[in-house]
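What follows is a single structure, written as structure tokens, with notes after it.
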Amino acid sequence: MRLSQFHLHTEKETPAEAELASHRLMLRAGMIRKLAAGIYTWSPLGLRVLRKVEAVVREEMNAAGAVELLMPSIQPRELWEETGRWEKFGGQLLKIRDRKDAEYAYGPTHEEVITDFARQELSSYRQLPVTFYQVQAKFRDEIRPRFGVMRAREFLMKDAYSFDVDAEGMAASYAKMHAAYTRIFTRLGLRFRAVLADTGAIGGDASQEFHVLADSGEDAIAWSDTGRDDAEGYAANVETARSAAPGPRPAPAEAMREVDTPTQKTCEAVAELMGIPLARTAKSVAVVGQDAEGRPQFVLVLVRGDHEVNEIKLGKVPGLADYRMATEAEILEHLGSEPGFLGPVAPAKPVRVVADLEVAAMADFVVGANRVGAHIAGVNWGRDLPEPDTVADIRNVVEGDRAEDGGTLRLMRGIEVGHIFQLGRKYAEAMGCTVLDAAGKAAVPMMGCYGIGVSRIVAAAIEQNHDDAGIVWPQAMAPWTVAVCVINPKNDPAVAEAAAALHDELAARGLDVVLDDRGLRPGPMFADMELIGIPHRVVVSGRGLEAGTFEYRARTAAEAEHLDRDSLLQRLG
Ligand code: ATP
Ligand code: MG
Ligand code: MG
Ligand code: MG
């Protein structure tokens, strides 16, 4: 590839609107351009990276035995009525109307469509197990699209769906996808962890998220450090309160004082106390109110995935028998808010009696659950951490505690790039999807669903791999792995020729190489190659030709080296 024939458009200036390094660098490198809130064009450069991620995902899906298909983005309302999700999905579902007034959704996910496909295509257990997948644009009308393609409204997802006759089959299909995901993120060169995700009402071990580790990640994950060097140890998702503007948070004692008159506090005030930008995200909300007798009460509401209003939980407090799921109707009844978006809630809005607790204890639980301004979610007492006896125990669950498997609990930040789930019969049942089993009886297949945020991975990789000069791509994701930079090609035909010959030779050896023949001065040319993160840079100059060497520098190396042709070829592999 000759850069003079490509379209590269980089910017020196740091865009003011971008908060995260990945967003800034993607804009500066000219990888994406915004069309509307959360909607982006991928430039030729950006698309090269996106396609590399896609290719790895596709190869591993195929290797795992999944078969590719392509479903429509536009999905009829009737299908979503069958599972009840037309209403339940909430505000993230973009609803549209055609000229005949028929209603459609722009697909945020494809469980309904795949189940519709399956009920027509699958008739016998002999066709199972089968896993279908696609790589396709999704649309979710996120409350707050931000960080560029990290949380976009239109984004590229790989979604897969497995069908099995029984639970063991489903578990086996799930395990295959888990292994494939592990290979994908390993091949992409990312530091990641698979963590238990909260499975809510389904329970058990049936859902895991894959997180790319990065300090800027929106989620926090807990994992057990057993001293062994494996990524397979115990890990769980801790959902911390997000803070739009991180700042000092009150110490638990102060916080307790702050909420000691909860009946007068609005949900917003408590959220502020917890460092949760309530108006901006419905991820975590604490509500303080009073019951019918005027006793102060609190409910910890955890929203897992902004659209899943039915995943809201009443928090577990000591003295309560167990976590329980609150229904959407209950939540709406108590909070009086729109589906998909909670709060701010009116002051002293009555809430359900959850326990007879002292105010101080409640405050302790809310603010001091694990550390100031954060609470643990997706981590269940008893399952993931020792069952606490007292409020003080809960407060003390911080980094350094003992995890289930005897390791030490560590907290890290992560970016959710993949999510796998055992769905069971939920969708197939609701939509009347059956196959004949070995005995000739109609059986409802058991499903799994498996998502990867293909476009989010690009941003997550940058978040994890960048420096002051720009992006530092892992080899597998780089737009090109080698840049051959020509010094002064216009005035020095011999140099231009030598560079072109080197480019062709590297390309013939199967390297993904780009020739920077734009004729830029060395400074700006090198700055561009660093900004766009090319792993290997080779400079061809008149001086080098005379000496019989090429200047080589790895993106991560501090210094350049002068190598002869053979050493260079060896270095580039
Ligand atoms: P999040 O918690 O970040 O909102 P999610 O749990 O709602 O994500 P899933 O329904 O699990 O997302 O979708 C599968 C994958 O799609 C996610 O793991 C993530 O990588 C990606 N994804 C989800 N929402 C977005 C988005 N708005 N922009 C980019 N990628 C996304
Ligand atoms: Mg999520
Ligand atoms: Mg979401
Ligand atoms: Mg998810």
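In the structure tokens, chains take letters A, B, ... by order of appearance, with residues numbered from 1 within each chain and ligands from 1 in the order shown.
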Pick out the residues sitting within 12 Å of A:Ser455, and hand them over as a ChimeraX atom specification; count only C-alpha atoms, and ignore anything fewer than 4 positions along from it in its own chain.
-> /A:26,31-32,39-42,46-54,57,135-138,148-158,416-418,451,459-462,477
Generate the output file for the selected residues, C-alpha atoms, as an mmCIF file, in the first residue's frame.
```cif
data_model
loop_
_atom_site.group_PDB
_atom_site.id
_atom_site.type_symbol
_atom_site.label_atom_id
_atom_site.label_comp_id
_atom_site.auth_asym_id
_atom_site.auth_seq_id
_atom_site.Cartn_x
_atom_site.Cartn_y
_atom_site.Cartn_z
ATOM 1 C CA MET A 26 -9.008 8.076 17.195
ATOM 2 C CA MET A 31 -9.961 6.947 12.275
ATOM 3 C CA ILE A 32 -13.510 8.085 12.859
ATOM 4 C CA ILE A 39 -22.962 7.766 15.204
ATOM 5 C CA TYR A 40 -19.634 7.620 13.403
ATOM 6 C CA THR A 41 -18.133 7.117 9.977
ATOM 7 C CA TRP A 42 -15.091 4.827 9.971
ATOM 8 C CA GLY A 46 -10.161 3.251 10.996
ATOM 9 C CA LEU A 47 -11.808 0.620 8.853
ATOM 10 C CA ARG A 48 -8.502 -1.220 8.376
ATOM 11 C CA VAL A 49 -8.281 -1.669 12.143
ATOM 12 C CA LEU A 50 -11.942 -2.583 12.505
ATOM 13 C CA ARG A 51 -11.583 -5.215 9.786
ATOM 14 C CA LYS A 52 -8.556 -6.733 11.513
ATOM 15 C CA VAL A 53 -10.538 -7.197 14.701
ATOM 16 C CA GLU A 54 -13.446 -8.574 12.721
ATOM 17 C CA VAL A 57 -13.320 -12.745 15.601
ATOM 18 C CA VAL A 135 -21.113 -9.415 12.450
ATOM 19 C CA GLN A 136 -23.506 -6.553 12.103
ATOM 20 C CA ALA A 137 -24.382 -2.995 13.042
ATOM 21 C CA LYS A 138 -26.542 -2.611 16.127
ATOM 22 C CA GLY A 148 -16.593 7.978 20.663
ATOM 23 C CA VAL A 149 -17.114 4.401 19.535
ATOM 24 C CA MET A 150 -16.647 3.153 23.101
ATOM 25 C CA ARG A 151 -20.283 3.872 23.906
ATOM 26 C CA ALA A 152 -21.855 4.642 20.575
ATOM 27 C CA ARG A 153 -25.472 4.380 19.471
ATOM 28 C CA GLU A 154 -24.674 2.616 16.232
ATOM 29 C CA PHE A 155 -21.888 0.087 16.735
ATOM 30 C CA LEU A 156 -20.561 -3.129 15.280
ATOM 31 C CA MET A 157 -21.239 -6.310 17.204
ATOM 32 C CA LYS A 158 -20.504 -9.949 16.642
ATOM 33 C CA GLU A 416 -16.710 -4.759 28.808
ATOM 34 C CA VAL A 417 -15.832 -6.053 25.351
ATOM 35 C CA GLY A 418 -17.672 -9.362 25.395
ATOM 36 C CA GLY A 451 -21.768 -10.849 22.065
ATOM 37 C CA ALA A 459 -11.258 1.951 21.427
ATOM 38 C CA ALA A 460 -10.536 -0.391 24.345
ATOM 39 C CA ALA A 461 -7.260 -1.496 22.757
ATOM 40 C CA ILE A 462 -6.144 2.126 22.447
ATOM 41 C CA MET A 477 -4.816 -4.829 15.203
#
```
Which residues of stretch 436-480 of chain A come within 12 Å of stretch 185-190 of chain A, and what is each one's closest atom pair and distance in Å (one decimal), counting only C-alpha atoms, sorted by chain and residue number, as CSV?
```
residue,atom,partner,partner_atom,distance
A:Ile452,CA,A:Phe185,CA,10.4
A:Gly453,CA,A:Phe185,CA,11.7
A:Val454,CA,A:Phe185,CA,11.1
A:Ile457,CA,A:Phe185,CA,9.3
A:Val458,CA,A:Leu188,CA,10.1
A:Ala459,CA,A:Leu190,CA,11.8
A:Ala460,CA,A:Leu190,CA,9.0
A:Ala461,CA,A:Leu190,CA,6.7
A:Ile462,CA,A:Leu190,CA,9.9
A:Glu463,CA,A:Leu190,CA,10.6
A:Gln464,CA,A:Leu190,CA,7.8
A:Asn465,CA,A:Leu190,CA,8.7
A:Val472,CA,A:Gly189,CA,11.3
A:Trp473,CA,A:Gly189,CA,8.9
A:Pro474,CA,A:Gly189,CA,5.5
A:Gln475,CA,A:Gly189,CA,7.4
A:Ala476,CA,A:Leu188,CA,5.4
A:Met477,CA,A:Leu188,CA,6.4
A:Ala478,CA,A:Leu188,CA,9.8
```
With only C-alpha atoms and all ligand atoms as the atoms that count, which of A:Leu70, A:Ala180, A:Ile420, A:Ala21 lies nearest to ligand 2?
->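 The shortest atom-to-atom distance to ligand 2 comes from A:Ile420.
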Skipping near chain neighbours, those fewer than 6 positions away, what residues fall within 12 Å of A:Ala167 using only C-alpha atoms, listed as JSON, numbers by chain?
-> {"A": [129, 173, 174, 206, 422, 423, 424, 425, 444, 445, 446, 447, 448]}
Quick one: residues within 6 Å of A:Pro535, only C-alpha atoms counted, chain neighbours fewer than 6 positions away excluded, as a PyMOL selection string?
-> chain A and resi 481+554-555
In terms of the shortest atom-to-atom distance over only C-alpha atoms, which of A:Val495, A:Val539, A:Ile143, A:Ala66 is closest to A:Asp159?
-> A:Ala66
Enumerate, as a ChimeraX atom specification, the complete set of residues in stretch 16-125 of chain A that a backbone-based DSSP assignment places in strand (DSSP E or B).
-> /A:32-36,39-42,67-68,74-76,94-97,103-106,124
Closest to ligand 1 among A:Met431, A:Ala558, A:Ala197, A:Leu25, using only C-alpha atoms and all ligand atoms?
->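 With only C-alpha atoms and all ligand atoms as the atom set, the closest residue is A:Ala197.
Minimum atom-to-atom distance to ligand 2, evaluated using only C-alpha atoms and all ligand atoms, belongs to A:Ile415 out of A:Ile184, A:Ala29, A:Leu3, A:Ile415.
Using only C-alpha atoms, the smallest distance between any of A:Arg191, A:Gln75, A:Trp480, A:His536 and A:Ala507 comes from A:Trp480.
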Take atom CA of A:Asp101 and atom CA of A:Glu82 and report the distance between them in Å, one decimal.
->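 The value is 19.4 Å.
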Could you give me the residues within stretch 13-162 of chain A that DSSP places in alpha helix (DSSP H), as a ChimeraX atom specification?
-> /A:21-28,44-63,77-83,85-88,111-121
Can you pull out every residue within 8 Å of stretch 109-125 of chain A, counting only C-alpha atoms, but drop anything in the same chain fewer than 2 positions away, and send it as a ChimeraX atom specification?
-> /A:71,75,79-80,83,107,127-129,138,159,161,165,427-428,431-438,449
Written selection (N, CA and C atoms) as a PDB file, in the first residue's frame:
```
ATOM      1  N   MET A  71     -28.471 -11.264   9.585  1.00  0.00           N
ATOM      2  CA  MET A  71     -29.874 -10.939   9.847  1.00  0.00           C
ATOM      3  C   MET A  71     -30.114  -9.453   9.595  1.00  0.00           C
ATOM      4  N   GLN A  75     -36.314  -4.763  12.452  1.00  0.00           N
ATOM      5  CA  GLN A  75     -37.058  -5.911  12.968  1.00  0.00           C
ATOM      6  C   GLN A  75     -38.499  -5.524  13.289  1.00  0.00           C
ATOM      7  N   LEU A  79     -42.605  -9.332  16.283  1.00  0.00           N
ATOM      8  CA  LEU A  79     -41.636 -10.298  16.795  1.00  0.00           C
ATOM      9  C   LEU A  79     -41.265  -9.968  18.247  1.00  0.00           C
ATOM     10  N   TRP A  80     -41.081  -8.688  18.478  1.00  0.00           N
ATOM     11  CA  TRP A  80     -40.697  -8.240  19.828  1.00  0.00           C
ATOM     12  C   TRP A  80     -41.868  -8.322  20.800  1.00  0.00           C
ATOM     13  N   THR A  83     -42.005 -11.797  22.707  1.00  0.00           N
ATOM     14  CA  THR A  83     -41.191 -12.009  23.918  1.00  0.00           C
ATOM     15  C   THR A  83     -41.472 -10.936  24.965  1.00  0.00           C
ATOM     16  N   GLY A 107     -32.506  -3.087  15.267  1.00  0.00           N
ATOM     17  CA  GLY A 107     -32.044  -4.125  16.197  1.00  0.00           C
ATOM     18  C   GLY A 107     -30.925  -3.732  17.139  1.00  0.00           C
ATOM     19  N   GLN A 127     -30.314 -31.763  13.889  1.00  0.00           N
ATOM     20  CA  GLN A 127     -29.705 -30.520  13.396  1.00  0.00           C
ATOM     21  C   GLN A 127     -28.932 -29.780  14.504  1.00  0.00           C
ATOM     22  N   LEU A 128     -29.038 -30.287  15.719  1.00  0.00           N
ATOM     23  CA  LEU A 128     -28.387 -29.639  16.855  1.00  0.00           C
ATOM     24  C   LEU A 128     -27.172 -30.460  17.296  1.00  0.00           C
ATOM     25  N   PRO A 129     -26.209 -29.887  17.984  1.00  0.00           N
ATOM     26  CA  PRO A 129     -26.148 -28.464  18.320  1.00  0.00           C
ATOM     27  C   PRO A 129     -25.766 -27.619  17.109  1.00  0.00           C
ATOM     28  N   LYS A 138     -25.441  -2.654  15.168  1.00  0.00           N
ATOM     29  CA  LYS A 138     -26.542  -2.611  16.127  1.00  0.00           C
ATOM     30  C   LYS A 138     -26.845  -1.153  16.422  1.00  0.00           C
ATOM     31  N   ASP A 159     -22.567 -11.106  17.156  1.00  0.00           N
ATOM     32  CA  ASP A 159     -23.469 -11.797  18.074  1.00  0.00           C
ATOM     33  C   ASP A 159     -23.704 -13.220  17.591  1.00  0.00           C
ATOM     34  N   TYR A 161     -25.528 -17.173  18.598  1.00  0.00           N
ATOM     35  CA  TYR A 161     -26.635 -17.790  19.318  1.00  0.00           C
ATOM     36  C   TYR A 161     -26.550 -19.301  19.149  1.00  0.00           C
ATOM     37  N   VAL A 165     -30.145 -29.376  22.552  1.00  0.00           N
ATOM     38  CA  VAL A 165     -31.319 -30.111  23.031  1.00  0.00           C
ATOM     39  C   VAL A 165     -31.487 -30.042  24.543  1.00  0.00           C
ATOM     40  N   TYR A 427     -36.365 -17.675  25.301  1.00  0.00           N
ATOM     41  CA  TYR A 427     -36.814 -17.133  24.010  1.00  0.00           C
ATOM     42  C   TYR A 427     -37.512 -18.184  23.166  1.00  0.00           C
ATOM     43  N   ALA A 428     -36.943 -19.391  23.135  1.00  0.00           N
ATOM     44  CA  ALA A 428     -37.524 -20.448  22.316  1.00  0.00           C
ATOM     45  C   ALA A 428     -38.945 -20.771  22.796  1.00  0.00           C
ATOM     46  N   MET A 431     -41.438 -18.036  21.914  1.00  0.00           N
ATOM     47  CA  MET A 431     -41.699 -17.897  20.486  1.00  0.00           C
ATOM     48  C   MET A 431     -42.097 -19.212  19.821  1.00  0.00           C
ATOM     49  N   GLY A 432     -42.335 -20.235  20.631  1.00  0.00           N
ATOM     50  CA  GLY A 432     -42.817 -21.503  20.082  1.00  0.00           C
ATOM     51  C   GLY A 432     -41.834 -22.163  19.141  1.00  0.00           C
ATOM     52  N   CYS A 433     -40.575 -22.183  19.539  1.00  0.00           N
ATOM     53  CA  CYS A 433     -39.553 -22.839  18.728  1.00  0.00           C
ATOM     54  C   CYS A 433     -39.319 -24.239  19.298  1.00  0.00           C
ATOM     55  N   THR A 434     -39.620 -25.264  18.519  1.00  0.00           N
ATOM     56  CA  THR A 434     -39.418 -26.635  18.997  1.00  0.00           C
ATOM     57  C   THR A 434     -38.740 -27.483  17.934  1.00  0.00           C
ATOM     58  N   VAL A 435     -38.106 -28.555  18.394  1.00  0.00           N
ATOM     59  CA  VAL A 435     -37.577 -29.561  17.473  1.00  0.00           C
ATOM     60  C   VAL A 435     -38.055 -30.917  17.990  1.00  0.00           C
ATOM     61  N   LEU A 436     -38.071 -31.914  17.108  1.00  0.00           N
ATOM     62  CA  LEU A 436     -38.425 -33.255  17.566  1.00  0.00           C
ATOM     63  C   LEU A 436     -37.195 -33.889  18.192  1.00  0.00           C
ATOM     64  N   ASP A 437     -37.371 -34.436  19.396  1.00  0.00           N
ATOM     65  CA  ASP A 437     -36.230 -35.073  20.047  1.00  0.00           C
ATOM     66  C   ASP A 437     -36.103 -36.530  19.590  1.00  0.00           C
ATOM     67  N   ALA A 438     -35.154 -37.250  20.177  1.00  0.00           N
ATOM     68  CA  ALA A 438     -34.861 -38.628  19.734  1.00  0.00           C
ATOM     69  C   ALA A 438     -36.094 -39.525  19.853  1.00  0.00           C
ATOM     70  N   CYS A 449     -26.416 -16.992  24.219  1.00  0.00           N
ATOM     71  CA  CYS A 449     -26.104 -15.874  23.334  1.00  0.00           C
ATOM     72  C   CYS A 449     -24.762 -15.279  23.730  1.00  0.00           C
TER      73      CYS A 449
END
```
